[in-house]
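> The structure that follows is given in the form of structure tokens.
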Amino acid sequence: MALAFVGTFAANAQCWMGGNMSFWQGDSETKFSIAPEIGYSFYDNPISLAAAFGYNYYSYEDDLGDDHTTDAFVVSPYIRCNLAYVDQFSFFLDGGAEMAFLSDGTAWRAGLKPGVAFSPTGHWTAVAHMGFLGYDDGKYFGDKGFGMTFDASVVSLGLYYNF
């Protein structure tokens with residue numbers, strides 16, 4: 001009976017795996033992040049559940065010549081609501097939280113991220129998030145407070161494999 005339930009549930013869903021990765025090497029700074037992601041889309045339903053688990057590294061030299069390094073493990077669970085479909089494109093809104101575990105404590109933010117997904121095949125999807133609306137505790141992700149931003153610094157790109 002349990003196998004029948006699991007089989008029925010799995011038959012009415014679509015899973016995906018993928019994520020984001022970035023690297024930047026400048027004159028006085030180095031940034032690296034990797035965030036694998038897994039998600040679950042319910043069949044004929046605009047709602048998906050997902051989470052990203054990542055590692056961020058940031059090293060920089062300040063104006064006085066002192067070196068600073070920050071490592072963070074980040075967990076980002078979210079709910080995705082697909083708002084509209086146009087051919088191979090879908091427009092969505094992700095609502096969730098991001099929690100960073102740092103050497104000197106934790107940091108978090110919660111809010112909404114709009115985005116667009118392009119699915120050229122049944123198995124591959126490219127995803128872009130553009131912006132953030134929500135609250136940040138100011139300890140890691142940005143300045144403390146509530147607000148929104150839609151500038152180029154908050155654009156992220158990812159690639160997913162659907163199965």
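Please note that chains go A, B, ... in the order of the structure tokens, that every chain numbers its residues from 1, and that ligands are numbered from 1 in the order shown.
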Produce a table with one row for each residue of region 35-96 of chain A that has an atom at most 10 Å from any atom of region 122-139 of chain A, each row naming the nearest atom pair and its distance in Å at one decimal; use only C-alpha atoms; arrange rows by chain and rising residue number; format as a tab-separated table.

```
residue	atom	partner	partner_atom	distance
A:Gln88	CA	A:Thr125	CA	9.4
A:Phe89	CA	A:Thr125	CA	9.4
A:Ser90	CA	A:Val127	CA	9.4
A:Phe91	CA	A:Val127	CA	9.8
A:Phe92	CA	A:His129	CA	9.1
A:Leu93	CA	A:His129	CA	9.0
A:Asp94	CA	A:His129	CA	8.9
A:Gly95	CA	A:Gly134	CA	9.4
A:Gly96	CA	A:Gly134	CA	9.6
```
> Filtering to all heavy atoms, could you give me those residues as a PDB file, in the first residue's frame?

```pdb
ATOM      1  N   GLN A  88       7.627  28.401 -24.245  1.00  0.00           N
ATOM      2  CA  GLN A  88       8.619  27.693 -23.442  1.00  0.00           C
ATOM      3  C   GLN A  88       9.064  28.495 -22.208  1.00  0.00           C
ATOM      4  O   GLN A  88       9.977  28.095 -21.502  1.00  0.00           O
ATOM      5  CB  GLN A  88       9.840  27.369 -24.306  1.00  0.00           C
ATOM      6  CG  GLN A  88       9.508  26.422 -25.443  1.00  0.00           C
ATOM      7  CD  GLN A  88      10.672  26.284 -26.398  1.00  0.00           C
ATOM      8  OE1 GLN A  88      11.335  27.259 -26.740  1.00  0.00           O
ATOM      9  NE2 GLN A  88      10.930  25.054 -26.820  1.00  0.00           N
ATOM     10  N   PHE A  89       8.408  29.606 -21.934  1.00  0.00           N
ATOM     11  CA  PHE A  89       8.756  30.469 -20.807  1.00  0.00           C
ATOM     12  C   PHE A  89       7.703  30.360 -19.712  1.00  0.00           C
ATOM     13  O   PHE A  89       6.511  30.210 -19.990  1.00  0.00           O
ATOM     14  CB  PHE A  89       8.841  31.935 -21.252  1.00  0.00           C
ATOM     15  CG  PHE A  89       9.986  32.220 -22.159  1.00  0.00           C
ATOM     16  CD1 PHE A  89       9.830  32.116 -23.538  1.00  0.00           C
ATOM     17  CD2 PHE A  89      11.218  32.600 -21.658  1.00  0.00           C
ATOM     18  CE1 PHE A  89      10.891  32.378 -24.390  1.00  0.00           C
ATOM     19  CE2 PHE A  89      12.279  32.865 -22.495  1.00  0.00           C
ATOM     20  CZ  PHE A  89      12.121  32.757 -23.868  1.00  0.00           C
ATOM     21  N   SER A  90       8.152  30.443 -18.476  1.00  0.00           N
ATOM     22  CA  SER A  90       7.230  30.578 -17.351  1.00  0.00           C
ATOM     23  C   SER A  90       7.729  31.706 -16.458  1.00  0.00           C
ATOM     24  O   SER A  90       8.942  31.895 -16.291  1.00  0.00           O
ATOM     25  CB  SER A  90       7.102  29.276 -16.566  1.00  0.00           C
ATOM     26  OG  SER A  90       8.317  28.919 -15.978  1.00  0.00           O
ATOM     27  N   PHE A  91       6.794  32.468 -15.930  1.00  0.00           N
ATOM     28  CA  PHE A  91       7.099  33.575 -15.035  1.00  0.00           C
ATOM     29  C   PHE A  91       6.641  33.173 -13.647  1.00  0.00           C
ATOM     30  O   PHE A  91       5.519  32.681 -13.475  1.00  0.00           O
ATOM     31  CB  PHE A  91       6.401  34.841 -15.523  1.00  0.00           C
ATOM     32  CG  PHE A  91       6.831  35.229 -16.909  1.00  0.00           C
ATOM     33  CD1 PHE A  91       6.154  34.737 -18.017  1.00  0.00           C
ATOM     34  CD2 PHE A  91       7.929  36.042 -17.107  1.00  0.00           C
ATOM     35  CE1 PHE A  91       6.558  35.054 -19.302  1.00  0.00           C
ATOM     36  CE2 PHE A  91       8.343  36.366 -18.379  1.00  0.00           C
ATOM     37  CZ  PHE A  91       7.663  35.879 -19.483  1.00  0.00           C
ATOM     38  N   PHE A  92       7.498  33.369 -12.651  1.00  0.00           N
ATOM     39  CA  PHE A  92       7.203  32.847 -11.323  1.00  0.00           C
ATOM     40  C   PHE A  92       7.587  33.831 -10.227  1.00  0.00           C
ATOM     41  O   PHE A  92       8.267  34.834 -10.471  1.00  0.00           O
ATOM     42  CB  PHE A  92       7.927  31.513 -11.104  1.00  0.00           C
ATOM     43  CG  PHE A  92       9.419  31.592 -11.190  1.00  0.00           C
ATOM     44  CD1 PHE A  92      10.187  31.975 -10.101  1.00  0.00           C
ATOM     45  CD2 PHE A  92      10.069  31.270 -12.372  1.00  0.00           C
ATOM     46  CE1 PHE A  92      11.561  32.050 -10.183  1.00  0.00           C
ATOM     47  CE2 PHE A  92      11.452  31.336 -12.463  1.00  0.00           C
ATOM     48  CZ  PHE A  92      12.201  31.733 -11.364  1.00  0.00           C
ATOM     49  N   LEU A  93       7.160  33.495  -9.020  1.00  0.00           N
ATOM     50  CA  LEU A  93       7.502  34.243  -7.827  1.00  0.00           C
ATOM     51  C   LEU A  93       7.918  33.233  -6.765  1.00  0.00           C
ATOM     52  O   LEU A  93       7.157  32.317  -6.455  1.00  0.00           O
ATOM     53  CB  LEU A  93       6.297  35.059  -7.351  1.00  0.00           C
ATOM     54  CG  LEU A  93       6.533  36.072  -6.258  1.00  0.00           C
ATOM     55  CD1 LEU A  93       7.534  37.134  -6.694  1.00  0.00           C
ATOM     56  CD2 LEU A  93       5.211  36.745  -5.902  1.00  0.00           C
ATOM     57  N   ASP A  94       9.156  33.371  -6.262  1.00  0.00           N
ATOM     58  CA  ASP A  94       9.651  32.507  -5.197  1.00  0.00           C
ATOM     59  C   ASP A  94       9.501  33.241  -3.870  1.00  0.00           C
ATOM     60  O   ASP A  94       9.895  34.408  -3.753  1.00  0.00           O
ATOM     61  CB  ASP A  94      11.129  32.169  -5.392  1.00  0.00           C
ATOM     62  CG  ASP A  94      11.373  31.198  -6.531  1.00  0.00           C
ATOM     63  OD1 ASP A  94      10.399  30.645  -7.061  1.00  0.00           O
ATOM     64  OD2 ASP A  94      12.547  30.996  -6.881  1.00  0.00           O
ATOM     65  N   GLY A  95       8.947  32.566  -2.890  1.00  0.00           N
ATOM     66  CA  GLY A  95       8.834  33.124  -1.545  1.00  0.00           C
ATOM     67  C   GLY A  95       9.545  32.214  -0.572  1.00  0.00           C
ATOM     68  O   GLY A  95       9.262  31.015  -0.532  1.00  0.00           O
ATOM     69  N   GLY A  96      10.489  32.760   0.168  1.00  0.00           N
ATOM     70  CA  GLY A  96      11.223  31.898   1.081  1.00  0.00           C
ATOM     71  C   GLY A  96      12.155  32.653   1.989  1.00  0.00           C
ATOM     72  O   GLY A  96      12.059  33.872   2.140  1.00  0.00           O
TER      73      GLY A  96
END
```
> Identify which of the residues A:Tyr160, A:Tyr57, A:Trp24, A:Trp16 lies closest to Phe73 (chain A), counting only C-alpha atoms when measuring atom-to-atom distances.
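Nearest candidate to Phe73 (chain A) out of A:Tyr160, A:Tyr57, A:Trp24, A:Trp16: A:Tyr57.
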> Find the residues near Val75 (chain A): any atom within 8 Å, counting only C-alpha atoms, skip ones fewer than 5 places away on the same chain, and give them as a ChimeraX atom specification.
/A:51-54,98-100
> Would you mind exporting C-alpha atoms of the selected residues as a tab-separated table (two decimals), in the first residue's frame?

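Here's the written file again18.tsv:
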```tsv
chain	number	residue	atom	x	y	z
A	51	ALA	CA	15.69	24.27	-1.41
A	52	ALA	CA	19.24	25.35	-2.22
A	53	PHE	CA	22.21	24.44	-0.04
A	54	GLY	CA	25.33	26.42	-0.67
A	98	GLU	CA	17.81	32.38	3.32
A	99	MET	CA	19.83	31.44	6.39
A	100	ALA	CA	23.61	31.85	6.53
```
> From a backbone DSSP assignment, name each residue in chain A labelled strand (DSSP E or B), as a PyMOL selection string.
chain A and resi 13-25+29-42+47-61+67-86+89-102+105-118+124-130+132-136+145-149+155-162
> Where does region 45-127 of chain A meet region 142-155 of chain A within 10 Å, residue by residue, with the nearest atom pair and distance in Å to one decimal for each, counting only C-alpha atoms, listed by chain and rising number, as a tab-separated table?

```
residue	atom	partner	partner_atom	distance
A:Trp108	CA	A:Gly142	CA	9.9
A:Arg109	CA	A:Gly142	CA	9.0
A:Ala110	CA	A:Phe146	CA	9.6
A:Gly111	CA	A:Met148	CA	9.3
A:Leu112	CA	A:Met148	CA	9.2
A:Lys113	CA	A:Val154	CA	9.6
A:Pro114	CA	A:Phe150	CA	9.5
A:Gly115	CA	A:Val155	CA	9.2
```
> To one decimal place in Å, what is the distance between CA of Phe23 (chain A) and CA of Phe163 (chain A)?
28.0 Å
> Please identify which residues in region 8-148 of chain A DSSP calls helix (DSSP H, G or I) from the backbone, and express them as JSON, numbers by chain.
{"A": [8, 9, 10, 11]}
> Write a file of the selected residues as a compact mmCIF listing (two decimals), in the first residue's frame, keeping C-alpha atoms.

```txt
# COMPACT_ATOMS: atom_id res chain seq x y z
CA THR A 8 1.08 7.63 -7.34
CA PHE A 9 2.60 10.69 -5.67
CA ALA A 10 5.79 10.47 -7.76
CA ALA A 11 3.81 9.99 -10.98
```
> Please provide as a list in words all residues within 9 Å of Lys31 (chain A), with the sequence filter that same-chain residues fewer than 2 positions apart are discarded (counting only C-alpha atoms).
Ser22, Phe23, Trp24, Gln25, Gly26, Glu29, Ser33, Asn56, Tyr57, Tyr58, Ser59 and Tyr60 of chain A
> Select, from A:Ser28, A:Cys81, A:Pro36, A:Ser41, the residue with the minimum atom-to-atom distance to Leu64 (chain A), counting only C-alpha atoms.
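Closest residue, counting only C-alpha atoms: A:Ser28.
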> Work out how far CA of Gln14 (chain A) is from CA of Tyr40 (chain A), in Å to one decimal.
5.8 Å
> Could you please determine the separation between CA of Ser119 (chain A) and CA of Ala50 (chain A) in Å, to one decimal place?
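Separation of CA of Ser119 (chain A) and CA of Ala50 (chain A): 17.7 Å.
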> Rank nothing, just name the residue among A:Tyr43, A:Ser48, A:Tyr140, A:Asp71 nearest to Thr30 (chain A), using only C-alpha atoms.
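The shortest atom-to-atom distance to Thr30 (chain A) comes from A:Asp71.
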> Excluding Met21 (chain A) and any residue of its chain fewer than 4 positions from it, enumerate the residues within 8 Å of it, using only C-alpha atoms, and give them as a PyMOL selection string.
chain A and resi 32-35+158
> Restricting the calculation to only C-alpha atoms, which member of A:Ala84, A:Glu37, A:Ile47, A:Tyr55 is positioned closest to Val116 (chain A)?
A:Ala84
